[in-house]
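So this block is start_4.cif, mmCIF, C-alpha atoms:
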data_coords
#
loop_
_atom_site.label_atom_id
_atom_site.label_comp_id
_atom_site.auth_asym_id
_atom_site.auth_seq_id
_atom_site.Cartn_x
_atom_site.Cartn_y
_atom_site.Cartn_z
CA MET A 287 337.86 72.07 -158.00
CA VAL A 288 334.50 72.49 -159.71
CA VAL A 289 331.40 73.93 -158.06
CA ARG A 290 327.75 73.80 -159.07
CA CYS A 291 325.32 76.74 -159.12
CA GLU A 292 323.69 75.66 -155.84
CA GLU A 293 327.06 75.68 -154.09
CA VAL A 294 327.79 79.13 -155.42
CA TRP A 295 324.47 80.44 -154.06
CA ARG A 296 325.10 78.77 -150.73
CA GLU A 297 328.54 80.29 -150.39
CA ILE A 298 327.90 83.64 -152.01
CA SER A 299 327.54 85.51 -148.74
CA ASN A 300 330.68 83.99 -147.24
CA TYR A 301 332.47 84.70 -150.52
CA LEU A 302 331.54 88.39 -150.29
CA GLU A 303 332.72 88.40 -146.68
CA GLY A 304 336.06 86.95 -147.84
CA GLU A 305 335.47 83.96 -145.63
CA VAL A 306 335.85 81.05 -148.02
CA PRO A 307 339.08 79.09 -148.50
CA ALA A 308 341.24 80.24 -151.38
CA GLU A 309 340.53 77.09 -153.42
CA LEU A 310 336.76 77.50 -153.13
CA SER A 311 337.05 81.19 -153.87
CA ALA A 312 338.93 80.47 -157.09
CA ALA A 313 336.37 77.81 -158.04
CA ILE A 314 333.50 80.26 -157.53
CA GLU A 315 335.24 82.84 -159.69
CA ASP A 316 335.78 80.27 -162.43
CA HIS A 317 332.16 79.22 -162.29
CA VAL A 318 330.82 82.79 -162.35
CA ARG A 319 332.90 83.60 -165.44
CA SER A 320 331.04 81.00 -167.41
CA CYS A 321 327.61 81.11 -165.75
CA LYS A 322 325.46 84.16 -166.47
CA ARG A 323 322.87 83.23 -163.87
CA CYS A 324 325.39 83.01 -161.05
CA ALA A 325 327.12 86.17 -162.27
CA ALA A 326 323.76 87.94 -162.03
CA VAL A 327 323.18 86.61 -158.53
CA LEU A 328 326.66 87.60 -157.40
CA ASP A 329 326.48 91.11 -158.89
CA GLY A 330 323.01 91.69 -157.49
CA THR A 331 323.97 90.51 -154.02
CA ARG A 332 327.06 92.67 -154.09
CA ASN A 333 324.87 95.62 -155.08
CA VAL A 334 322.52 94.95 -152.18
CA VAL A 335 325.40 94.96 -149.68
CA HIS A 336 326.86 98.08 -151.26
CA LEU A 337 323.62 100.09 -151.33
CA TYR A 338 322.29 99.20 -147.90
CA GLY A 339 325.72 99.71 -146.36
CA ASP A 340 325.71 103.37 -147.35
CA GLU A 341 325.46 105.90 -144.51
CA ARG A 342 322.64 107.65 -146.33
CA MET A 343 320.38 104.72 -145.61
CA LEU A 344 320.59 105.55 -141.90
CA GLU A 345 318.34 108.57 -141.98
CA VAL A 346 317.11 109.91 -138.66
CA PRO A 347 314.19 112.32 -138.16
CA LEU A 348 314.98 116.01 -138.03
CA GLY A 349 315.76 117.12 -134.49
CA PHE A 350 316.26 113.58 -133.20
CA SER A 351 319.69 114.33 -131.82
CA HIS A 352 318.50 117.46 -130.02
CA ARG A 353 315.53 115.67 -128.47
CA LEU A 354 317.70 112.77 -127.32
CA HIS A 355 320.15 115.20 -125.74
CA ARG A 356 317.37 116.98 -123.89
CA ARG A 357 315.83 113.74 -122.69
CA LEU A 358 319.20 112.64 -121.36
CA ALA A 359 319.81 116.04 -119.81
CA ASP A 360 316.45 115.84 -118.06
CA ASN A 361 317.49 112.53 -116.59
CA THR A 362 321.12 113.17 -115.82
CA GLN A 363 321.00 116.45 -113.94
CA PRO A 364 318.42 115.99 -111.19
CA ASN A 365 321.02 116.11 -108.44
CA ARG A 366 322.75 119.09 -109.92
CA ARG A 367 319.40 120.76 -110.45
CA SER A 368 318.22 120.12 -106.98
CA PHE A 369 321.54 121.33 -105.61
CA LEU A 370 321.36 124.45 -107.75
CA GLY A 371 317.72 124.82 -106.78
CA TRP A 372 318.69 124.87 -103.13
CA MET A 373 321.47 127.31 -103.86
CA VAL A 374 319.12 129.58 -105.80
CA ALA A 375 316.60 129.42 -102.97
CA ALA A 376 319.35 130.22 -100.48
CA ALA A 377 320.52 133.08 -102.67
CA ALA A 378 316.98 134.41 -102.92
CA ALA A 379 316.63 134.26 -99.16
CA VAL A 380 319.92 136.07 -98.75
CA ILE A 381 318.83 138.73 -101.22
CA VAL A 382 315.47 139.21 -99.49
CA VAL A 383 317.07 139.42 -96.06
CA GLY A 384 319.87 141.58 -97.47
CA ALA A 385 317.40 143.92 -99.15
CA PHE A 386 315.44 144.16 -95.94
CA GLU A 387 318.59 144.90 -93.98
CA ALA A 388 319.74 147.41 -96.60
CA ALA A 389 316.40 149.20 -96.53
CA ARG A 390 316.51 149.31 -92.76
CA SER A 391 320.07 150.52 -92.62
CA ALA A 392 319.48 153.09 -95.39
CA SER A 393 317.92 155.36 -92.84
CA PHE A 394 321.28 155.29 -91.03
CA GLY A 395 323.16 156.09 -94.24
CA ARG A 396 325.05 152.77 -94.23
CA ALA A 397 323.50 151.08 -97.25
CA GLU A 398 325.98 149.37 -99.59
CA PRO A 399 324.91 148.51 -103.17
CA ARG A 400 324.80 144.78 -103.84
CA SER A 401 327.10 143.51 -106.46
CA GLU A 402 325.41 143.11 -109.84
CA HIS A 403 327.64 140.09 -110.29
CA ALA A 404 325.66 138.25 -107.64
CA GLN A 405 322.36 139.29 -109.18
CA VAL A 406 323.11 137.41 -112.38
CA GLY A 407 324.31 134.27 -110.69
CA GLY A 408 328.01 134.72 -111.22
CA VAL A 409 327.87 135.33 -114.95
CA PRO A 410 329.14 138.80 -115.90
CA PRO A 411 325.88 140.65 -116.70
CA ASP A 412 327.17 142.40 -119.79
CA MET A 413 328.80 139.34 -121.29
CA THR A 414 327.43 138.36 -124.68
CA VAL A 415 325.89 134.91 -124.67
CA LEU A 416 324.13 132.74 -127.25
CA VAL A 417 320.69 131.22 -126.81
CA SER A 418 318.24 129.38 -129.03
CA ASP A 419 314.50 129.84 -128.85
CA ASP A 420 313.94 126.13 -128.26
CA GLY A 421 316.62 125.82 -125.62
CA LYS A 422 316.82 126.62 -121.95
CA THR A 423 320.55 127.17 -121.74
CA MET A 424 322.83 130.09 -122.56
CA HIS A 425 326.30 129.45 -123.91
CA VAL A 426 329.49 131.31 -124.67
CA ALA A 427 330.38 131.35 -128.35
CA GLY A 428 332.23 128.23 -129.38
CA CYS A 429 330.69 125.96 -126.77
CA PRO A 430 330.42 122.47 -128.32
CA PHE A 431 327.16 121.85 -126.49
CA ILE A 432 325.18 124.44 -128.39
CA HIS A 433 322.27 122.85 -130.20
CA ASP A 434 319.93 124.19 -132.81
CA ARG A 435 322.67 126.40 -134.20
CA ALA A 436 320.38 127.56 -136.96
CA HIS A 437 318.21 129.55 -134.52
CA LEU A 438 320.77 131.15 -132.29
CA ARG A 439 320.60 134.73 -131.13
CA ALA A 440 323.08 136.79 -129.17
CA LEU A 441 322.19 138.89 -126.17
CA VAL A 442 323.74 139.99 -122.90
CA ALA A 443 323.71 137.57 -119.99
CA ARG A 444 321.50 139.86 -117.90
CA GLN A 445 318.76 139.72 -120.53
CA ALA A 446 319.17 135.95 -121.04
CA LEU A 447 318.72 135.34 -117.32
CA ARG A 448 315.67 137.60 -117.33
CA GLU A 449 314.23 135.46 -120.13
CA GLY A 450 314.71 132.33 -118.03
CA TYR A 451 317.85 130.87 -119.61
CA VAL A 452 320.29 129.15 -117.28
CA PRO A 453 324.06 129.07 -117.76
CA CYS A 454 325.49 126.05 -119.55
CA VAL A 455 327.18 123.94 -116.91
CA ARG A 456 330.00 123.12 -119.30
CA CYS A 457 331.09 126.36 -120.91
CA MET A 458 330.13 128.57 -117.95
CA LYS A 459 331.45 126.27 -115.28
CA LYS A 460 333.86 128.85 -113.92
CA TYR A 461 331.11 131.42 -113.47
CA LEU A 462 328.90 128.93 -111.69
CA ALA A 463 331.77 128.05 -109.40
CA SER A 464 332.37 131.74 -108.67
CA SER A 465 328.64 132.13 -108.12
CA LEU A 466 328.75 129.50 -105.40
CA ASP A 467 331.77 131.22 -103.88
CA ASP A 468 329.79 134.46 -103.89
CA LEU A 469 326.88 132.77 -102.24
CA SER A 470 328.96 131.26 -99.48
CA GLY A 471 330.51 134.67 -99.00
CA ASP A 472 327.06 136.19 -98.67
CA ILE A 473 325.73 133.58 -96.30
CA GLU A 474 328.51 133.67 -93.73
CA PRO A 475 328.13 137.29 -92.58
CA GLN A 476 324.38 136.83 -92.38
CA SER A 477 324.80 133.72 -90.29
CA PHE A 478 327.12 135.34 -87.83
CA SER A 479 325.66 138.80 -87.65
CA MET B 232 339.69 116.70 -104.48
CA PRO B 233 341.53 116.46 -107.80
CA GLU B 234 340.28 118.78 -110.48
CA LYS B 235 338.33 117.05 -113.25
CA THR B 236 339.54 117.53 -116.76
CA PRO B 237 336.89 119.07 -118.98
CA LEU B 238 336.46 116.92 -122.09
CA VAL B 239 335.91 119.94 -124.29
CA GLU B 240 339.61 120.65 -123.85
CA ASN B 241 340.58 117.11 -124.72
CA PRO B 242 339.75 116.44 -128.36
CA VAL B 243 340.99 112.85 -128.22
CA ARG B 244 338.02 110.67 -127.51
CA ASP B 245 338.94 108.12 -124.92
CA GLU B 246 335.84 106.01 -124.55
CA GLU B 247 337.13 104.04 -121.59
CA ALA B 248 337.99 107.19 -119.66
CA LEU B 249 334.63 108.65 -120.55
CA ILE B 250 332.83 105.56 -119.26
CA ARG B 251 334.90 105.64 -116.07
CA ARG B 252 333.95 109.25 -115.42
CA ILE B 253 330.27 108.55 -116.05
CA ARG B 254 330.43 105.63 -113.63
CA ASP B 255 332.01 107.97 -111.11
CA GLY B 256 328.96 110.18 -111.28
CA GLU B 257 329.51 112.59 -114.16
CA HIS B 258 326.28 111.52 -115.80
CA ASP B 259 326.03 114.58 -117.97
CA LEU B 260 328.95 113.21 -120.01
CA PHE B 261 326.79 110.36 -121.23
CA TYR B 262 325.51 112.27 -124.22
CA GLU B 263 329.08 112.74 -125.34
CA LEU B 264 329.59 108.98 -125.11
CA ILE B 265 326.51 107.98 -127.04
CA GLN B 266 326.45 110.75 -129.63
CA PRO B 267 328.60 108.96 -132.25
CA TYR B 268 326.19 106.00 -132.10
CA GLU B 269 322.87 107.77 -131.80
CA ARG B 270 321.97 107.25 -135.47
CA ARG B 271 322.72 103.56 -135.18
CA VAL B 272 320.62 103.34 -132.04
CA TYR B 273 317.70 105.03 -133.77
CA PHE B 274 317.98 102.89 -136.87
CA ALA B 275 318.33 99.64 -134.92
CA ALA B 276 314.99 100.50 -133.32
CA PHE B 277 313.47 101.62 -136.61
CA ALA B 278 314.50 98.43 -138.38
CA ILE B 279 312.45 96.45 -135.89
CA LEU B 280 309.50 98.78 -135.37
CA ARG B 281 309.18 100.33 -138.84
CA ASN B 282 307.69 103.46 -137.34
CA GLN B 283 309.57 106.72 -136.79
CA ALA B 284 307.79 107.84 -133.62
CA ASP B 285 308.06 104.43 -131.95
CA ALA B 286 311.70 104.12 -133.00
CA GLU B 287 312.53 107.50 -131.49
CA ASP B 288 310.81 106.66 -128.22
CA VAL B 289 312.62 103.35 -128.04
CA ALA B 290 315.96 104.91 -128.96
CA GLN B 291 315.57 107.37 -126.10
CA GLU B 292 314.53 104.64 -123.69
CA ALA B 293 317.48 102.50 -124.77
CA ALA B 294 319.90 105.38 -124.23
CA LEU B 295 318.51 105.99 -120.75
CA LYS B 296 318.68 102.31 -119.95
CA ALA B 297 322.30 102.20 -121.10
CA LEU B 298 323.07 105.13 -118.81
CA LYS B 299 321.28 103.53 -115.89
CA ASN B 300 323.15 100.27 -116.40
CA ILE B 301 326.52 101.68 -117.36
CA ARG B 302 328.11 99.91 -114.40
CA GLN B 303 327.10 96.59 -115.95
CA PHE B 304 328.93 97.33 -119.17
CA ARG B 305 331.85 94.96 -119.57
CA ALA B 306 334.85 96.16 -121.51
CA GLU B 307 335.12 92.87 -123.42
CA SER B 308 332.52 94.14 -125.88
CA ARG B 309 332.44 97.51 -127.59
CA PHE B 310 330.16 100.15 -126.12
CA SER B 311 328.43 100.52 -129.50
CA THR B 312 327.60 96.81 -129.63
CA TRP B 313 326.34 96.87 -126.08
CA VAL B 314 324.08 99.85 -126.61
CA ILE B 315 322.68 98.39 -129.83
CA GLN B 316 322.00 95.14 -128.02
CA ILE B 317 320.01 97.11 -125.45
CA THR B 318 318.16 98.89 -128.25
CA VAL B 319 317.26 95.65 -130.01
CA ASN B 320 315.90 94.22 -126.76
CA GLU B 321 313.95 97.38 -126.00
CA ALA B 322 312.49 97.46 -129.49
CA ARG B 323 311.43 93.83 -129.28
CA MET B 324 309.78 94.40 -125.92
CA TRP B 325 308.04 97.48 -127.28
CA ARG B 326 306.77 95.54 -130.25
CA ARG B 327 305.47 92.77 -128.03
CA LYS B 328 303.72 95.29 -125.83
CA HIS B 329 302.29 97.66 -128.42
CA HIS B 330 302.21 95.83 -131.71
CA ALA B 331 301.51 92.24 -130.87
CA HIS B 332 299.02 92.24 -133.72
CA THR B 333 301.53 93.43 -136.32
CA MET B 334 301.49 91.15 -139.31
CA GLU B 335 304.68 89.34 -140.11
CA SER B 336 306.18 90.36 -143.40
CA ILE B 337 305.68 88.22 -146.43
CA ALA B 338 309.21 87.19 -147.25
CA GLY B 339 310.45 84.58 -144.88
CA ARG B 340 307.12 83.89 -143.24
CA ASP B 341 307.54 80.18 -143.61
CA ASP B 342 311.29 80.05 -143.45
CA ASP B 343 313.05 77.28 -141.65
CA GLY B 344 316.05 79.52 -141.02
CA GLN B 345 318.37 76.98 -142.60
CA GLY B 346 319.39 79.21 -145.48
CA ASN B 347 318.26 76.91 -148.27
CA TYR B 348 317.22 79.64 -150.60
CA THR B 349 317.09 79.50 -154.37
CA PRO B 350 317.31 82.83 -156.18
CA ARG B 351 314.17 83.51 -158.19
CA ASP B 352 315.47 86.07 -160.61
CA PHE B 353 318.51 85.85 -162.82
CA ALA B 354 318.33 89.13 -164.68
CA ASP B 355 321.64 90.92 -164.72
CA TRP B 356 322.20 94.05 -162.69
CA ARG B 357 324.34 96.89 -163.80
CA GLU B 358 326.47 98.32 -161.05
CA ILE B 359 324.33 100.76 -159.16
CA PRO B 360 326.02 104.04 -158.36
CA SER B 361 325.63 105.04 -154.74
CA GLU B 362 324.67 108.53 -155.94
CA THR B 363 321.20 107.16 -156.58
CA LEU B 364 320.77 107.13 -152.82
CA GLU B 365 320.54 110.91 -152.92
CA ARG B 366 317.03 110.30 -154.20
CA LYS B 367 314.60 109.90 -151.35
CA GLU B 368 312.31 107.65 -153.39
CA ILE B 369 315.18 105.22 -153.91
CA ARG B 370 315.88 105.07 -150.21
CA GLU B 371 312.19 104.56 -149.54
CA LYS B 372 312.03 101.69 -151.99
CA LEU B 373 315.05 100.05 -150.43
CA ASN B 374 313.42 100.43 -147.04
CA GLU B 375 310.19 98.95 -148.35
CA ALA B 376 312.07 95.92 -149.61
CA LEU B 377 313.79 95.62 -146.25
CA ALA B 378 310.42 95.69 -144.51
CA GLU B 379 309.38 92.73 -146.61
CA LEU B 380 311.98 90.52 -144.97
CA GLY B 381 311.07 88.26 -142.12
CA GLU B 382 312.12 89.67 -138.78
CA ILE B 383 314.92 87.20 -138.08
CA TYR B 384 316.56 88.02 -141.42
CA ARG B 385 316.01 91.74 -141.20
CA ASP B 386 317.58 92.01 -137.74
CA VAL B 387 320.75 90.25 -138.86
CA PHE B 388 320.97 92.17 -142.13
CA VAL B 389 320.50 95.54 -140.45
CA LEU B 390 323.15 94.95 -137.83
CA ARG B 391 325.71 93.37 -140.14
CA ASP B 392 325.26 95.15 -143.46
CA MET B 393 323.87 98.51 -142.35
CA HIS B 394 325.51 99.03 -138.97
CA HIS B 395 328.60 97.12 -140.02
CA LEU B 396 328.85 95.08 -136.85
CA SER B 397 331.06 92.04 -137.23
CA ILE B 398 329.52 88.59 -137.41
CA GLU B 399 330.52 88.01 -133.77
CA GLU B 400 329.09 91.33 -132.63
CA THR B 401 325.86 90.66 -134.48
CA SER B 402 325.58 87.27 -132.85
CA GLN B 403 326.23 88.87 -129.46
CA ALA B 404 323.67 91.63 -130.00
CA LEU B 405 320.97 89.20 -131.08
CA GLY B 406 321.86 86.37 -128.76
CA ILE B 407 322.22 83.80 -131.55
CA SER B 408 325.14 81.71 -132.81
CA THR B 409 327.55 82.99 -135.45
CA ALA B 410 326.44 80.11 -137.67
CA SER B 411 322.84 81.38 -137.49
CA VAL B 412 324.02 84.89 -138.28
CA LYS B 413 325.78 83.65 -141.41
CA THR B 414 322.82 81.58 -142.54
CA ARG B 415 320.32 84.36 -142.02
CA LEU B 416 322.60 86.91 -143.60
CA LEU B 417 322.94 84.82 -146.75
CA ARG B 418 319.22 84.43 -147.01
CA ALA B 419 318.50 88.10 -146.26
CA ARG B 420 320.89 89.24 -148.97
CA LEU B 421 319.48 86.86 -151.55
CA MET B 422 315.90 87.73 -150.70
CA LEU B 423 316.61 91.45 -150.95
CA ARG B 424 318.29 90.90 -154.24
CA ASP B 425 315.21 89.12 -155.51
CA LEU B 426 312.90 91.78 -154.14
CA LEU B 427 314.87 94.49 -155.95
CA SER B 428 315.68 92.54 -159.08
CA PRO B 429 314.88 94.03 -162.46
CA GLY B 430 313.11 91.00 -163.79
CA LEU B 431 310.58 90.39 -161.07
CA GLY B 432 308.61 93.62 -161.37
CA GLY B 433 308.13 93.66 -157.64
CA SER B 434 307.78 96.75 -155.53
CA TRP B 435 309.71 98.85 -158.01
CA ASN B 436 307.91 98.68 -161.31
CA THR B 437 304.35 98.80 -160.14
CA ARG B 438 304.60 101.86 -157.95
CA LEU B 439 307.38 103.96 -159.41
CA SER B 440 306.90 106.28 -162.31
CA PHE B 441 309.69 104.67 -164.26
CA GLU B 442 309.15 103.16 -167.62
CA LYS B 443 307.82 99.62 -167.22
CA GLY B 444 310.59 97.15 -166.53
CA VAL B 445 313.25 99.82 -166.32
CA LYS B 446 315.08 100.51 -163.09
CA PRO B 447 316.01 103.99 -162.00
CA TRP B 448 319.70 103.22 -162.35
#
Final structure tokens representation of the file:
Amino acid sequence: MVVRCEEVWREISNYLEGEVPAELSAAIEDHVRSCKRCAAVLDGTRNVVHLYGDERMLEVPLGFSHRLHRRLADNTQPNRRSFLGWMVAAAAAVIVVGAFEAARSASFGRAEPRSEHAQVGGVPPDMTVLVSDDGKTMHVAGCPFIHDRAHLRALVARQALREGYVPCVRCMKKYLASSLDDLSGDIEPQSFS
Amino acid sequence: MPEKTPLVENPVRDEEALIRRIRDGEHDLFYELIQPYERRVYFAAFAILRNQADAEDVAQEAALKALKNIRQFRAESRFSTWVIQITVNEARMWRRKHHAHTMESIAGRDDDGQGNYTPRDFADWREIPSETLERKEIREKLNEALAELGEIYRDVFVLRDMHHLSIEETSQALGISTASVKTRLLRARLMLRDLLSPGLGGSWNTRLSFEKGVKPW
């Protein structure tokens, strides 16, 4: 089988994909061995595929991944947020009422100190957590959802909460769950007293 | 209520299970699902829009749209193909809306899409080491050449040769036949080769500080 230059050019892409019949493939190889022009076209095309196929050509802007994650987080946690918002509001109400009751009962010498555990939303107040200046979330070390690892700082949970960071719902799940348990524990006596 | 298994404790990525859990309401897992493809999503948008800020906006919109429509995802295609298809559509809509005036690129402006393309340059290429891609200017020049392609060729080339989708997946993502994919791919490759060829003195020789007629490799 003999092929002309035009046929080689027409089939060059399929040839590189390995999608031409064996006989045609052999004919192209024969032709290219003796035709400098087609050899140049084949080598050049192969180079194009090789260079553009490199991962380094897929360059994304700095911080793209972080921004995408935040945008998704903003859109995927409204229900959780609103639920937590209600729980925080309920907790605040409980604390206000509790503080009022404690102040009132102090005169009768029955005041009991509130648990510090509840004050920091279930997260142990002296636990060391990691935060980044650009983030809103605190994490335990090793959490795979930490972003901006280059600008992390460590501090105790009490301080992080004071600075407005909220616990990561993934790595601090158990503390959030215990926080809700605490809250329900707080609410019940108030409701029935 | 059965306890949900945290994915952080399960290093094996099971995409189907992940998708099932997201459909069941664990929307915060979506980032985990899309993360391996986020670069592809961005670059699919960039290839069409040629602007970083627009591409980022569109990539984010496409990701949100994929999340919103996750129930419509059919397991017969790969999630990556599906999300890139959404990105391509979003980018095209964005371009229609914001850049209707954008000039079509030079190469391929009057193409008939039939793939009848005759190479213009027959100078020989040495094998180009991929290490040259470490140089930002090289990547920029390759991107400039890519921008010269007509849209229909660039879209196919980007999905097939840069994102490594199969011919079938590319045809699915773009909504064209596999025959059209093959034809456009051939033409895109040959045009890029011409645009980057040593003998033509195109975008390389006139603007790079290399010795005249000499390529950086």
If we count all atoms listed in the file, which residues of chain A reach to within 9 Å of chain B? Please list them as an MDAnalysis selection string. chainID A and resid 292 295:300 322:327 329:347 350:351 353:355 357:359 361:363 429:430 456:457
State, in Å with one decimal place, the distance from CA of Ala446 (chain A) to CA of Phe431 (chain A). 17.1 Å
Apply the PyMOL selection byres ((chain A and resi 448) around 12) to the structure shown and report the selected residues as a short mmCIF file (atom, residue, chain, number, x, y, z; two decimals) with C-alpha atoms, in the coordinates of the input.
data_model
loop_
_atom_site.label_atom_id
_atom_site.label_comp_id
_atom_site.auth_asym_id
_atom_site.auth_seq_id
_atom_site.Cartn_x
_atom_site.Cartn_y
_atom_site.Cartn_z
CA GLN A 405 322.36 139.29 -109.18
CA VAL A 406 323.11 137.41 -112.38
CA GLY A 407 324.31 134.27 -110.69
CA PRO A 411 325.88 140.65 -116.70
CA LYS A 422 316.82 126.62 -121.95
CA MET A 424 322.83 130.09 -122.56
CA LEU A 441 322.19 138.89 -126.17
CA VAL A 442 323.74 139.99 -122.90
CA ALA A 443 323.71 137.57 -119.99
CA ARG A 444 321.50 139.86 -117.90
CA GLN A 445 318.76 139.72 -120.53
CA ALA A 446 319.17 135.95 -121.04
CA LEU A 447 318.72 135.34 -117.32
CA GLU A 449 314.23 135.46 -120.13
CA GLY A 450 314.71 132.33 -118.03
CA TYR A 451 317.85 130.87 -119.61
CA VAL A 452 320.29 129.15 -117.28
CA PRO A 453 324.06 129.07 -117.76
#
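Ranking A:Val426, A:Glu305, A:Val288, A:Ile314 by their shortest atom-to-atom distance to Pro410 (chain A), with all atoms listed in the file included, puts A:Val426 first.
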Give me the residues near Gly406 (chain B) as a PyMOL selection string, where near means some atom within 12 Å (using all atoms listed in the file) and where sequence neighbours in that chain fewer than 2 positions away do not count. chain B and resi 312-313+316-317+319-320+383+386-387+398-404+408-412
If we count all atoms listed in the file and set the cut-off at 12 Å, which residues sit around His329 (chain B), ignoring sequence neighbours fewer than 3 positions away in its own chain? Please answer as a PDB file with C-alpha atoms, in the coordinates of the input.
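Wrote it out as selection22.pdb, contents follow:
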ATOM      1  CA  LEU B 280     309.500  98.780-135.370  1.00  0.00           C
ATOM      2  CA  ASN B 282     307.690 103.460-137.340  1.00  0.00           C
ATOM      3  CA  ASP B 285     308.060 104.430-131.950  1.00  0.00           C
ATOM      4  CA  VAL B 289     312.620 103.350-128.040  1.00  0.00           C
ATOM      5  CA  GLU B 321     313.950  97.380-126.000  1.00  0.00           C
ATOM      6  CA  ALA B 322     312.490  97.460-129.490  1.00  0.00           C
ATOM      7  CA  ARG B 323     311.430  93.830-129.280  1.00  0.00           C
ATOM      8  CA  MET B 324     309.780  94.400-125.920  1.00  0.00           C
ATOM      9  CA  TRP B 325     308.040  97.480-127.280  1.00  0.00           C
ATOM     10  CA  ARG B 326     306.770  95.540-130.250  1.00  0.00           C
ATOM     11  CA  HIS B 332     299.020  92.240-133.720  1.00  0.00           C
ATOM     12  CA  THR B 333     301.530  93.430-136.320  1.00  0.00           C
TER      13      THR B 333
END
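Selection result for the displayed file, with the PyMOL selection byres ((chain A and resi 418) around 8) as criterion, is Leu416, Val417, Asp419, Asp420, Gly421, Lys422, Thr423, Met424, His433, Asp434, Arg435, His437, Leu438 and Arg439 of chain A.
CA of Pro267 (chain B) lies 21.5 Å from CA of Cys454 (chain A).
This file, filtered with the PyMOL selection byres ((chain B and resi 378) around 10), gives the residues B:Ala278, B:Ile279, B:Leu280, B:Arg281, B:Glu335, B:Ser336, B:Ile337, B:Ala338, B:Lys372, B:Leu373, B:Asn374, B:Glu375, B:Ala376, B:Leu377, B:Glu379, B:Leu380, B:Gly381, B:Glu382, B:Arg385, B:Leu423.
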Please compute the CA of Ala440 (chain A)-CA of Val415 (chain A) distance, one decimal, in Å. 5.6 Å
